[in-house]
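*Asks:* Got a structure for you, input-v5.json, holding JSON, C-alpha atoms.
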```json
[["chain", "number", "residue", "atom", "x", "y", "z"],
["H", 4, "MET", "CA", 37.47, 94.29, -168.17],
["H", 5, "GLU", "CA", 37.37, 94.12, -171.93],
["H", 6, "THR", "CA", 34.10, 92.12, -171.93],
["H", 7, "ILE", "CA", 32.39, 94.81, -169.90],
["H", 8, "GLU", "CA", 33.44, 97.53, -172.30],
["H", 9, "LEU", "CA", 32.39, 95.42, -175.27],
["H", 10, "ILE", "CA", 28.95, 94.69, -173.82],
["H", 11, "ALA", "CA", 28.39, 98.29, -172.78],
["H", 12, "GLY", "CA", 29.45, 99.66, -176.16],
["H", 13, "ILE", "CA", 27.39, 97.20, -178.20],
["H", 14, "SER", "CA", 24.32, 97.67, -175.96],
["H", 15, "ILE", "CA", 24.36, 101.43, -176.25],
["H", 16, "ALA", "CA", 24.97, 101.43, -180.00],
["H", 17, "VAL", "CA", 22.32, 98.80, -180.67],
["H", 18, "SER", "CA", 19.73, 100.48, -178.46],
["H", 19, "GLY", "CA", 20.24, 103.70, -180.40],
["H", 20, "LEU", "CA", 19.92, 101.86, -183.70],
["H", 21, "THR", "CA", 16.83, 100.00, -182.47],
["H", 22, "ILE", "CA", 14.85, 103.11, -181.68],
["H", 23, "ALA", "CA", 16.17, 105.01, -184.70],
["H", 24, "ILE", "CA", 15.34, 102.38, -187.31],
["H", 25, "GLY", "CA", 12.28, 101.10, -185.50],
["H", 26, "SER", "CA", 10.54, 104.45, -185.34],
["H", 27, "ILE", "CA", 10.81, 105.24, -189.07],
["H", 28, "ALA", "CA", 8.03, 103.00, -190.31],
["H", 29, "PRO", "CA", 5.51, 103.72, -187.51],
["H", 30, "ALA", "CA", 6.12, 107.46, -187.96],
["H", 31, "LEU", "CA", 5.35, 107.22, -191.67],
["H", 32, "GLY", "CA", 2.32, 105.04, -190.98],
["H", 33, "GLU", "CA", 0.92, 107.37, -188.33],
["H", 34, "ALA", "CA", 1.46, 110.38, -190.55],
["H", 35, "ARG", "CA", -0.48, 108.68, -193.33],
["H", 36, "ALA", "CA", -3.28, 107.70, -190.96],
["H", 37, "LEU", "CA", -3.53, 111.23, -189.57],
["H", 38, "ALA", "CA", -3.50, 112.84, -193.02],
["H", 39, "GLN", "CA", -6.23, 110.49, -194.20],
["H", 40, "ALA", "CA", -8.31, 111.12, -191.07],
["H", 41, "LEU", "CA", -8.00, 114.90, -191.46],
["H", 42, "GLU", "CA", -9.09, 114.59, -195.06],
["H", 43, "SER", "CA", -12.13, 112.54, -194.11],
["H", 44, "ILE", "CA", -13.08, 114.95, -191.34],
["H", 45, "ALA", "CA", -12.78, 117.85, -193.80],
["H", 46, "GLN", "CA", -15.05, 116.03, -196.24],
["H", 47, "GLN", "CA", -17.55, 114.76, -193.67],
["H", 48, "PRO", "CA", -17.46, 116.86, -190.49],
["H", 49, "ASP", "CA", -20.51, 114.96, -189.15],
["H", 50, "MET", "CA", -18.44, 111.79, -188.88],
["H", 51, "ALA", "CA", -15.68, 113.51, -186.89],
["H", 52, "ASN", "CA", -16.44, 111.57, -183.72],
["H", 53, "THR", "CA", -16.28, 108.16, -185.34],
["H", 54, "VAL", "CA", -13.20, 109.06, -187.35],
["H", 55, "THR", "CA", -11.38, 110.39, -184.30],
["H", 56, "ARG", "CA", -12.21, 107.32, -182.22],
["H", 57, "THR", "CA", -11.07, 104.93, -184.93],
["H", 58, "LEU", "CA", -7.99, 107.07, -185.50],
["H", 59, "PHE", "CA", -6.96, 106.83, -181.85],
["H", 60, "VAL", "CA", -7.32, 103.06, -181.76],
["H", 61, "GLY", "CA", -5.64, 102.61, -185.11],
["H", 62, "MET", "CA", -2.76, 104.86, -184.16],
["H", 63, "ALA", "CA", -2.24, 102.96, -180.94],
["H", 64, "MET", "CA", -1.99, 99.76, -182.96],
["H", 65, "VAL", "CA", 0.40, 101.31, -185.51],
["H", 66, "GLU", "CA", 2.42, 102.77, -182.68],
["H", 67, "SER", "CA", 2.86, 99.46, -180.91],
["H", 68, "THR", "CA", 5.80, 98.42, -183.12],
["H", 69, "ALA", "CA", 7.57, 101.63, -182.16],
["H", 70, "ILE", "CA", 6.74, 100.94, -178.51],
["H", 71, "TYR", "CA", 8.27, 97.45, -178.78],
["H", 72, "CYS", "CA", 11.48, 99.04, -180.08],
["H", 73, "LEU", "CA", 11.41, 101.55, -177.23],
["H", 74, "VAL", "CA", 10.97, 98.79, -174.65],
["H", 75, "VAL", "CA", 13.85, 96.80, -176.17],
["H", 76, "SER", "CA", 16.17, 99.80, -176.22],
["H", 77, "LEU", "CA", 15.24, 100.81, -172.67],
["H", 78, "ILE", "CA", 15.89, 97.27, -171.47],
["H", 79, "LEU", "CA", 19.26, 97.30, -173.27],
["H", 80, "ILE", "CA", 20.25, 100.51, -171.50],
["H", 81, "PHE", "CA", 18.71, 100.23, -168.03],
["H", 82, "ALA", "CA", 18.05, 96.54, -167.37],
["H", 83, "ASN", "CA", 20.54, 94.70, -169.56],
["H", 84, "PRO", "CA", 20.65, 91.06, -168.41],
["H", 85, "PHE", "CA", 24.10, 90.37, -169.95],
["H", 86, "TRP", "CA", 25.53, 93.44, -168.31],
["H", 87, "SER", "CA", 24.38, 92.43, -164.82],
["H", 88, "GLN", "CA", 25.66, 88.89, -165.42],
["H", 89, "VAL", "CA", 29.13, 90.12, -166.34],
["H", 90, "VAL", "CA", 29.21, 92.62, -163.47],
["H", 91, "GLN", "CA", 28.27, 89.83, -161.08],
["H", 92, "ALA", "CA", 30.94, 87.51, -162.54],
["H", 93, "VAL", "CA", 33.61, 90.17, -162.14],
["H", 94, "GLY", "CA", 32.43, 90.72, -158.59],
["H", 95, "GLY", "CA", 31.42, 94.37, -158.78],
["V", 16, "MET", "CA", 17.00, 103.61, -162.88],
["V", 17, "GLN", "CA", 13.71, 102.14, -161.74],
["V", 18, "LEU", "CA", 11.80, 100.77, -164.71],
["V", 19, "THR", "CA", 8.77, 99.23, -163.03],
["V", 20, "PRO", "CA", 7.18, 99.43, -159.57],
["V", 21, "ASP", "CA", 8.00, 95.70, -159.25],
["V", 22, "GLN", "CA", 11.53, 96.71, -158.31],
["V", 23, "VAL", "CA", 10.40, 98.53, -155.15],
["V", 24, "VAL", "CA", 10.21, 95.79, -152.52],
["V", 25, "TYR", "CA", 8.69, 96.66, -149.15],
["V", 26, "TRP", "CA", 8.67, 93.31, -147.43],
["V", 27, "GLN", "CA", 10.12, 89.91, -148.25],
["V", 28, "TRP", "CA", 9.89, 86.54, -146.58],
["V", 29, "GLU", "CA", 11.20, 83.44, -148.41],
["V", 30, "TRP", "CA", 9.31, 83.54, -151.72],
["V", 31, "TRP", "CA", 6.64, 85.99, -150.52],
["V", 32, "THR", "CA", 7.38, 89.45, -151.83],
["V", 33, "VAL", "CA", 5.28, 92.54, -151.21],
["V", 34, "ASN", "CA", 6.32, 95.10, -153.81],
["V", 35, "ALA", "CA", 4.98, 98.48, -154.82],
["V", 36, "THR", "CA", 2.82, 96.97, -157.59],
["V", 37, "LEU", "CA", 0.90, 94.87, -155.07],
["V", 38, "VAL", "CA", 0.51, 97.69, -152.54],
["V", 39, "PHE", "CA", -0.62, 100.30, -155.02],
["V", 40, "THR", "CA", -2.96, 97.89, -156.80],
["V", 41, "TRP", "CA", -4.76, 97.59, -153.47],
["V", 42, "VAL", "CA", -4.62, 101.38, -153.05],
["V", 43, "THR", "CA", -6.19, 101.83, -156.50],
["V", 44, "MET", "CA", -8.88, 99.26, -155.77],
["V", 45, "LEU", "CA", -9.58, 100.89, -152.39],
["V", 46, "VAL", "CA", -9.94, 104.29, -154.03],
["V", 47, "LEU", "CA", -12.31, 102.92, -156.68],
["V", 48, "VAL", "CA", -14.43, 100.88, -154.28],
["V", 49, "GLY", "CA", -14.35, 103.47, -151.50],
["V", 50, "VAL", "CA", -15.40, 106.40, -153.67],
["V", 51, "SER", "CA", -18.14, 104.35, -155.35],
["V", 52, "TRP", "CA", -19.38, 103.12, -151.96],
["V", 53, "LEU", "CA", -19.39, 106.62, -150.49],
["V", 54, "ILE", "CA", -21.36, 108.01, -153.41],
["V", 55, "THR", "CA", -23.80, 105.15, -154.02],
["V", 56, "ARG", "CA", -24.61, 105.00, -150.30],
["V", 57, "SER", "CA", -27.15, 107.78, -150.76],
["V", 58, "LEU", "CA", -28.54, 107.66, -154.30],
["V", 59, "GLU", "CA", -31.24, 110.13, -155.21],
["V", 60, "THR", "CA", -33.66, 110.50, -158.07],
["V", 61, "GLY", "CA", -35.19, 113.62, -159.49],
["V", 62, "PRO", "CA", -33.71, 116.82, -160.85],
["V", 63, "ASP", "CA", -31.33, 117.73, -158.02],
["V", 64, "ILE", "CA", -28.88, 114.92, -157.37],
["V", 65, "GLY", "CA", -25.64, 115.10, -155.45],
["V", 66, "ARG", "CA", -22.42, 116.17, -157.16],
["V", 67, "GLY", "CA", -20.74, 112.82, -156.70],
["V", 68, "GLN", "CA", -23.70, 110.97, -158.10],
["V", 69, "ALA", "CA", -23.73, 113.29, -161.12],
["V", 70, "VAL", "CA", -20.05, 112.56, -161.78],
["V", 71, "LEU", "CA", -20.52, 108.79, -161.45],
["V", 72, "GLU", "CA", -23.60, 108.83, -163.67],
["V", 73, "LEU", "CA", -21.68, 110.86, -166.26],
["V", 74, "VAL", "CA", -18.80, 108.37, -166.27],
["V", 75, "VAL", "CA", -21.00, 105.28, -166.45],
["V", 76, "LEU", "CA", -23.27, 106.74, -169.13],
["V", 77, "GLN", "CA", -20.26, 107.84, -171.19],
["V", 78, "ILE", "CA", -18.75, 104.34, -171.02],
["V", 79, "ARG", "CA", -22.13, 102.87, -171.96],
["V", 80, "ASP", "CA", -22.49, 105.23, -174.93],
["V", 81, "GLN", "CA", -18.97, 104.50, -176.20],
["V", 82, "ILE", "CA", -19.62, 100.76, -176.06],
["V", 83, "ASP", "CA", -23.02, 101.23, -177.68],
["V", 84, "GLU", "CA", -21.41, 103.02, -180.63],
["V", 85, "ALA", "CA", -18.76, 100.35, -181.09],
["V", 86, "VAL", "CA", -20.79, 97.11, -180.99],
["V", 87, "PRO", "CA", -24.15, 96.20, -182.47],
["V", 88, "GLU", "CA", -25.26, 94.22, -179.40],
["V", 89, "SER", "CA", -26.75, 95.64, -176.25],
["V", 90, "PRO", "CA", -23.99, 97.48, -174.34],
["V", 91, "GLU", "CA", -25.15, 96.24, -170.90],
["V", 92, "LEU", "CA", -23.43, 92.94, -171.64],
["V", 93, "TYR", "CA", -20.00, 94.55, -171.87],
["V", 94, "VAL", "CA", -20.25, 97.56, -169.54],
["V", 95, "PRO", "CA", -19.14, 95.78, -166.32],
["V", 96, "PHE", "CA", -15.96, 94.20, -167.73],
["V", 97, "ILE", "CA", -14.83, 96.90, -170.18],
["V", 98, "GLY", "CA", -15.79, 99.68, -167.78],
["V", 99, "THR", "CA", -13.77, 98.07, -164.99],
["V", 100, "LEU", "CA", -10.69, 97.76, -167.22],
["V", 101, "PHE", "CA", -10.98, 101.39, -168.29],
["V", 102, "LEU", "CA", -11.62, 102.77, -164.79],
["V", 103, "PHE", "CA", -8.84, 100.72, -163.21],
["V", 104, "ILE", "CA", -6.18, 101.84, -165.71],
["V", 105, "THR", "CA", -7.40, 105.44, -165.70],
["V", 106, "VAL", "CA", -7.48, 105.74, -161.91],
["V", 107, "SER", "CA", -4.09, 104.06, -161.55],
["V", 108, "THR", "CA", -2.45, 106.43, -164.06],
["V", 109, "LEU", "CA", -4.14, 109.49, -162.56],
["V", 110, "LEU", "CA", -3.08, 108.45, -159.06],
["V", 111, "GLY", "CA", 0.48, 108.37, -160.41],
["V", 112, "SER", "CA", 0.56, 112.17, -160.26],
["V", 113, "VAL", "CA", 0.22, 112.03, -156.49],
["V", 114, "PRO", "CA", 3.75, 112.23, -155.05],
["V", 115, "GLY", "CA", 4.98, 108.91, -153.73],
["V", 116, "VAL", "CA", 2.40, 106.83, -155.56],
["V", 117, "GLN", "CA", 3.64, 104.41, -158.21],
["V", 118, "VAL", "CA", 1.66, 103.85, -161.42],
["V", 119, "VAL", "CA", 0.55, 100.24, -161.15],
["V", 120, "ALA", "CA", -0.40, 99.98, -164.80],
["V", 121, "ALA", "CA", 3.21, 100.87, -165.72],
["V", 122, "SER", "CA", 4.32, 97.47, -164.44],
["V", 123, "LEU", "CA", 4.55, 94.54, -166.82],
["V", 124, "SER", "CA", 2.91, 92.26, -164.22],
["V", 125, "THR", "CA", -0.23, 94.41, -164.05],
["V", 126, "ALA", "CA", -0.39, 94.87, -167.80],
["V", 127, "ALA", "CA", 0.08, 91.13, -168.36],
["V", 128, "ALA", "CA", -2.60, 90.33, -165.77],
["V", 129, "LEU", "CA", -5.09, 92.68, -167.43],
["V", 130, "ALA", "CA", -4.26, 91.24, -170.86],
["V", 131, "ALA", "CA", -4.71, 87.72, -169.44],
["V", 132, "CYS", "CA", -8.16, 88.77, -168.19],
["V", 133, "VAL", "CA", -9.04, 89.84, -171.74],
["V", 134, "PHE", "CA", -7.57, 86.59, -173.11],
["V", 135, "ALA", "CA", -9.83, 84.61, -170.77],
["V", 136, "ALA", "CA", -12.85, 86.84, -171.33],
["V", 137, "VAL", "CA", -12.92, 86.32, -175.11],
["V", 138, "PRO", "CA", -13.96, 82.63, -174.99],
["V", 139, "MET", "CA", -16.17, 83.21, -171.93],
["V", 140, "PHE", "CA", -18.25, 85.93, -173.59],
["V", 141, "GLY", "CA", -18.17, 84.02, -176.88],
["V", 142, "VAL", "CA", -19.43, 80.74, -175.41],
["V", 143, "ALA", "CA", -22.02, 82.52, -173.27],
["V", 144, "ARG", "CA", -23.37, 84.35, -176.28],
["V", 145, "ILE", "CA", -23.24, 81.98, -179.24],
["V", 146, "GLY", "CA", -22.61, 78.59, -177.61],
["V", 147, "LEU", "CA", -19.58, 76.33, -177.46],
["V", 148, "ARG", "CA", -19.96, 74.74, -180.90],
["V", 149, "ALA", "CA", -20.35, 78.00, -182.76],
["V", 150, "TYR", "CA", -17.46, 79.53, -180.84],
["V", 151, "LEU", "CA", -15.08, 76.64, -181.55],
["V", 152, "ARG", "CA", -16.09, 76.73, -185.19],
["V", 153, "HIS", "CA", -14.53, 80.22, -185.36],
["V", 154, "TYR", "CA", -11.13, 78.61, -185.23],
["V", 155, "VAL", "CA", -11.58, 76.50, -188.35],
["V", 156, "ARG", "CA", -13.03, 79.28, -190.41],
["V", 157, "PRO", "CA", -12.73, 79.72, -193.39],
["V", 158, "SER", "CA", -10.78, 76.44, -193.51],
["V", 159, "PRO", "CA", -9.09, 74.14, -190.96],
["V", 160, "PHE", "CA", -5.71, 75.32, -192.26],
["V", 161, "MET", "CA", -6.34, 78.60, -190.48],
["V", 162, "LEU", "CA", -6.41, 76.96, -187.03],
["V", 163, "PRO", "CA", -2.73, 77.63, -186.13],
["V", 164, "PHE", "CA", -2.99, 81.20, -187.37],
["V", 165, "HIS", "CA", -6.07, 81.86, -185.23],
["V", 166, "ILE", "CA", -4.30, 80.48, -182.16],
["V", 167, "ILE", "CA", -1.06, 82.39, -182.80],
["V", 168, "GLY", "CA", -3.07, 85.52, -183.49],
["V", 169, "GLU", "CA", -4.91, 85.24, -180.21],
["V", 170, "LEU", "CA", -1.69, 84.72, -178.24],
["V", 171, "SER", "CA", 0.24, 87.48, -179.99],
["V", 172, "ARG", "CA", -2.52, 90.04, -179.61],
["V", 173, "THR", "CA", -2.60, 89.31, -175.87],
["V", 174, "LEU", "CA", 1.16, 89.89, -175.72],
["V", 175, "ALA", "CA", 0.77, 93.06, -177.78],
["V", 176, "LEU", "CA", -1.97, 94.33, -175.47],
["V", 177, "ALA", "CA", 0.24, 93.85, -172.42],
["V", 178, "VAL", "CA", 3.45, 95.27, -173.91],
["V", 179, "ARG", "CA", 1.63, 98.25, -175.45],
["V", 180, "LEU", "CA", 0.16, 99.35, -172.12],
["V", 181, "PHE", "CA", 3.41, 98.69, -170.26],
["V", 182, "GLY", "CA", 5.61, 100.38, -172.86],
["V", 183, "ASN", "CA", 3.52, 103.52, -173.17],
["V", 184, "LEU", "CA", 3.12, 104.13, -169.46],
["V", 185, "MET", "CA", 6.63, 103.03, -168.49],
["V", 186, "SER", "CA", 8.24, 105.23, -171.15],
["V", 187, "GLY", "CA", 6.41, 108.24, -169.70],
["V", 188, "ARG", "CA", 7.82, 107.53, -166.23],
["V", 189, "VAL", "CA", 11.33, 106.94, -167.60],
["V", 190, "LEU", "CA", 11.20, 110.17, -169.61],
["V", 191, "VAL", "CA", 10.24, 112.12, -166.49],
["V", 192, "GLY", "CA", 13.09, 110.39, -164.63],
["V", 193, "ILE", "CA", 15.64, 111.27, -167.30],
["V", 194, "LEU", "CA", 14.40, 114.86, -167.55],
["V", 195, "LEU", "CA", 14.68, 115.22, -163.77],
["V", 196, "SER", "CA", 18.41, 114.68, -164.09],
["V", 197, "VAL", "CA", 18.83, 116.86, -167.21],
["V", 198, "ALA", "CA", 16.43, 119.80, -166.74],
["V", 199, "PRO", "CA", 14.85, 119.46, -163.32],
["V", 200, "PHE", "CA", 13.04, 122.77, -163.13],
["V", 201, "VAL", "CA", 9.85, 123.07, -165.22],
["V", 202, "PHE", "CA", 9.94, 120.44, -167.94],
["V", 203, "PRO", "CA", 9.18, 117.40, -165.77],
["V", 204, "ALA", "CA", 5.93, 119.07, -164.64],
["V", 205, "VAL", "CA", 4.91, 119.71, -168.26],
["V", 206, "LEU", "CA", 5.73, 116.14, -169.16],
["V", 207, "GLU", "CA", 3.79, 114.91, -166.13],
["V", 208, "ALA", "CA", 0.75, 116.84, -167.36],
["V", 209, "PHE", "CA", 1.22, 115.25, -170.77],
["V", 210, "GLY", "CA", 1.49, 111.90, -169.00],
["V", 211, "LEU", "CA", -2.05, 112.36, -167.62],
["V", 212, "LEU", "CA", -3.33, 112.61, -171.19],
["V", 213, "ILE", "CA", -1.28, 109.59, -172.32],
["V", 214, "GLY", "CA", -2.58, 107.55, -169.39],
["V", 215, "VAL", "CA", -6.24, 108.20, -170.19],
["V", 216, "ILE", "CA", -5.69, 107.59, -173.91],
["V", 217, "GLN", "CA", -3.94, 104.29, -173.22],
["V", 218, "ALA", "CA", -6.75, 103.24, -170.87],
["V", 219, "TYR", "CA", -9.24, 104.08, -173.60],
["V", 220, "VAL", "CA", -7.25, 102.20, -176.24],
["V", 221, "PHE", "CA", -6.89, 99.15, -173.98],
["V", 222, "ALA", "CA", -10.62, 99.12, -173.25],
["V", 223, "VAL", "CA", -11.61, 99.58, -176.90],
["V", 224, "LEU", "CA", -9.24, 96.85, -178.10],
["V", 225, "ALA", "CA", -10.54, 94.49, -175.40],
["V", 226, "LEU", "CA", -14.08, 95.30, -176.50],
["V", 227, "VAL", "CA", -13.26, 94.68, -180.16],
["V", 228, "TYR", "CA", -11.61, 91.32, -179.38],
["V", 229, "ILE", "CA", -14.49, 90.20, -177.16],
["V", 230, "ALA", "CA", -17.17, 91.37, -179.57],
["V", 231, "SER", "CA", -15.50, 89.68, -182.54],
["V", 232, "GLY", "CA", -15.27, 86.44, -180.57],
["V", 233, "ALA", "CA", -18.97, 86.64, -179.72],
["V", 234, "ARG", "CA", -20.16, 87.25, -183.26],
["V", 235, "SER", "CA", -22.20, 84.49, -184.80],
["V", 236, "PHE", "CA", -20.87, 83.68, -188.25],
["V", 237, "GLU", "CA", -23.84, 81.41, -188.97],
["V", 238, "ARG", "CA", -26.14, 84.39, -189.01],
["V", 239, "LEU", "CA", -23.74, 86.39, -191.17],
["V", 240, "GLU", "CA", -23.50, 83.57, -193.70],
["V", 241, "GLU", "CA", -27.25, 83.23, -193.86],
["V", 242, "ALA", "CA", -27.42, 86.95, -194.44],
["V", 243, "ASP", "CA", -24.91, 86.57, -197.28],
["V", 244, "ARG", "CA", -27.06, 83.96, -198.98],
["V", 245, "ASP", "CA", -30.21, 86.01, -198.64],
["V", 246, "PRO", "CA", -29.56, 89.64, -199.60],
["V", 247, "VAL", "CA", -32.85, 90.81, -198.05],
["V", 248, "ASP", "CA", -31.68, 89.61, -194.63],
["V", 249, "ALA", "CA", -28.35, 91.39, -195.04],
["V", 250, "ALA", "CA", -30.06, 94.75, -194.89],
["V", 251, "LEU", "CA", -31.43, 93.91, -191.44],
["V", 252, "PRO", "CA", -29.19, 94.37, -188.42]]
```
What would the structure in this file look like if it were written as structure tokens?
*Replies:*
Amino acid sequence: METIELIAGISIAVSGLTIAIGSIAPALGEARALAQALESIAQQPDMANTVTRTLFVGMAMVESTAIYCLVVSLILIFANPFWSQVVQAVGG
Amino acid sequence: MQLTPDQVVYWQWEWWTVNATLVFTWVTMLVLVGVSWLITRSLETGPDIGRGQAVLELVVLQIRDQIDEAVPESPELYVPFIGTLFLFITVSTLLGSVPGVQVVAASLSTAAALAACVFAAVPMFGVARIGLRAYLRHYVRPSPFMLPFHIIGELSRTLALAVRLFGNLMSGRVLVGILLSVAPFVFPAVLEAFGLLIGVIQAYVFAVLALVYIASGARSFERLEEADRDPVDAALP
């Protein structure tokens, strides 16, 4: 019984930490990218289309690290392999 | 909690499994092929064309224009492959708003399969365009020490492509699922509407990244280097 509690507690805590720490850097990066893009659009409104397109693609790439963290934390909560193993071993 | 449509199994016999991903991939393909067939059955020219034909022409021309802006080569080369990727992901995410339909692109199997298509398409387009020797020389450029980094880069960007698509679309579904249990009245509908936007943006990003990877693999460095040596040539496209 104690193993189950341990695994559940650690999984929940670590998944929270994963998404919390892992979203700091991408958030800062995206904010910088957006600020820079707004500045360029303000300076050169003719280039707005190109800037917006590049911004979308660039943001998706910056965002991917945050998405990896999200996937890891979701797996830890909803599809934890260790959890199912222990539950199976106990016979639940 | 259901994370991917892979977990919905309709029919199983020994190692044959028919899950929701498989079924709704065929539904998506049927919708795409069926609608295109219905509309292109009676194509017209001239000023008054049918509504369906106008929509299809708009979509195809828009895809063509976007590709034209992004690469220096003729866009016709890339329209079939990139356009198919974009339309498949878009239609599958838009179909997800229909009750009972699973989003196929929100499954890691589909995302990995699409990323594998891009992984295979990069050398195919590259060899077809600049030849085998020039393509293989990419890998030892600027020096043979870069060979492992090129290979790792190609593998990791394929993984990133798959996980990015899967993560973005799956997180939208999971958020709707969680909200349904917390605030089931209006918010899930708002989030679903937001999910439509996310789906189209992710399809666009996937297509553009695939295009960038393919176009960079098909670029001839010989010509670029010659242009570097001769500054007059560099001004020419």
*Asks:* Which chain H residues are at most 7 Å from chain V (counting only C-alpha atoms), as a PDB file with C-alpha atoms, in the frame of the given file?
*Replies:*
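Result written to selection_24.pdb:
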```
ATOM      1  CA  VAL H  60      -7.320 103.060-181.760  1.00  0.00           C
ATOM      2  CA  ALA H  63      -2.240 102.960-180.940  1.00  0.00           C
ATOM      3  CA  SER H  67       2.860  99.460-180.910  1.00  0.00           C
ATOM      4  CA  ILE H  70       6.740 100.940-178.510  1.00  0.00           C
ATOM      5  CA  VAL H  74      10.970  98.790-174.650  1.00  0.00           C
ATOM      6  CA  PHE H  81      18.710 100.230-168.030  1.00  0.00           C
TER       7      PHE H  81
END
```
*Asks:* Within 9 Å of (16.2, 98.9, -178.2) in the file's own coordinates, which protein, DNA or RNA residues have an atom, counting only C-alpha atoms? List them as a PyMOL selection string.
*Replies:* chain H and resi 14-15+17-23+25+71-80
*Asks:* Taking the point (-0.5, 108.7, -159.7) as given in the file, collect each protein or nucleic acid residue that comes within 12 Å of it, counting only C-alpha atoms, and present the set as a VMD selection string.
*Replies:* chain V and resid 39 to 40 42 to 43 46 104 to 121 184 188 207 to 208 210 to 211 214 to 215
*Asks:* Show which residues sit within 8 Å of Gly98 of chain V, as a PyMOL selection string. Count only C-alpha atoms, and ignore same-chain residues fewer than 4 positions away.
*Replies:* chain V and resi 75+78+93-94+102+222
*Asks:* Take every atom of segment 9-20 of chain H listed in the file, pad by 4 Å on each side, and give me the axis-aligned box centre and edge lengths in Å, one decimal, as lines of an AutoDock Vina configuration file.
*Replies:*
```
center_x = 26.1
center_y = 99.2
center_z = -178.2
size_x = 20.7
size_y = 17.0
size_z = 18.9
```
*Asks:* For atom CA of Ala38 of chain H and atom CA of Ile24 of chain H, determine how far apart the two atoms are, in Å to one decimal place.
*Replies:*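 Value for the atom CA of Ala38 of chain H-atom CA of Ile24 of chain H distance: 22.3 Å.
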*Asks:* I want to know what sits within 9 Å of Gly32 of chain H, based on only C-alpha atoms, with residues of the same chain fewer than 5 positions away left out; could you give that as a ChimeraX atom specification?
*Replies:* /H:27,37,62,65-66
*Asks:* What's the separation between atom CA of Ala218 of chain V and atom CA of Phe103 of chain V, in Å to one decimal place?
*Replies:*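 Distance between the two atoms: 8.3 Å.
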*Asks:* Rounded to one decimal in Å, what is the spacing between atom CA of Ala35 of chain V and atom CA of Gln22 of chain V?
*Replies:* 7.6 Å
*Asks:* Would you list the contacts of Leu41 of chain H as JSON, numbers by chain, taking every protein, DNA or RNA residue within 9 Å and counting only C-alpha atoms, but skipping same-chain residues closer than 5 positions in sequence?
*Replies:* {"H": [36, 46, 54]}
*Asks:* In terms of the shortest atom-to-atom distance over all atoms listed in the file, which of V:Trp52, V:Ile229, V:Met44, V:Ser89 is closest to Ala135 of chain V?
*Replies:*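 Nearest candidate to Ala135 of chain V out of V:Trp52, V:Ile229, V:Met44, V:Ser89: V:Ile229.
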*Asks:* Let me make sure I understand: among V:Val201, V:Leu212, V:Ile167, V:Val133, which one has the smallest atom-to-atom distance to Gly187 of chain V if we use all atoms listed in the file?
*Replies:*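 Nearest to Gly187 of chain V: V:Leu212.
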*Asks:* Please provide the set of residues having any atom within 12 Å of Glu5 of chain H, restricted to only C-alpha atoms, with same-chain residues fewer than 6 positions apart removed, written as a PyMOL selection string.
*Replies:* chain H and resi 11-12+89-90+93
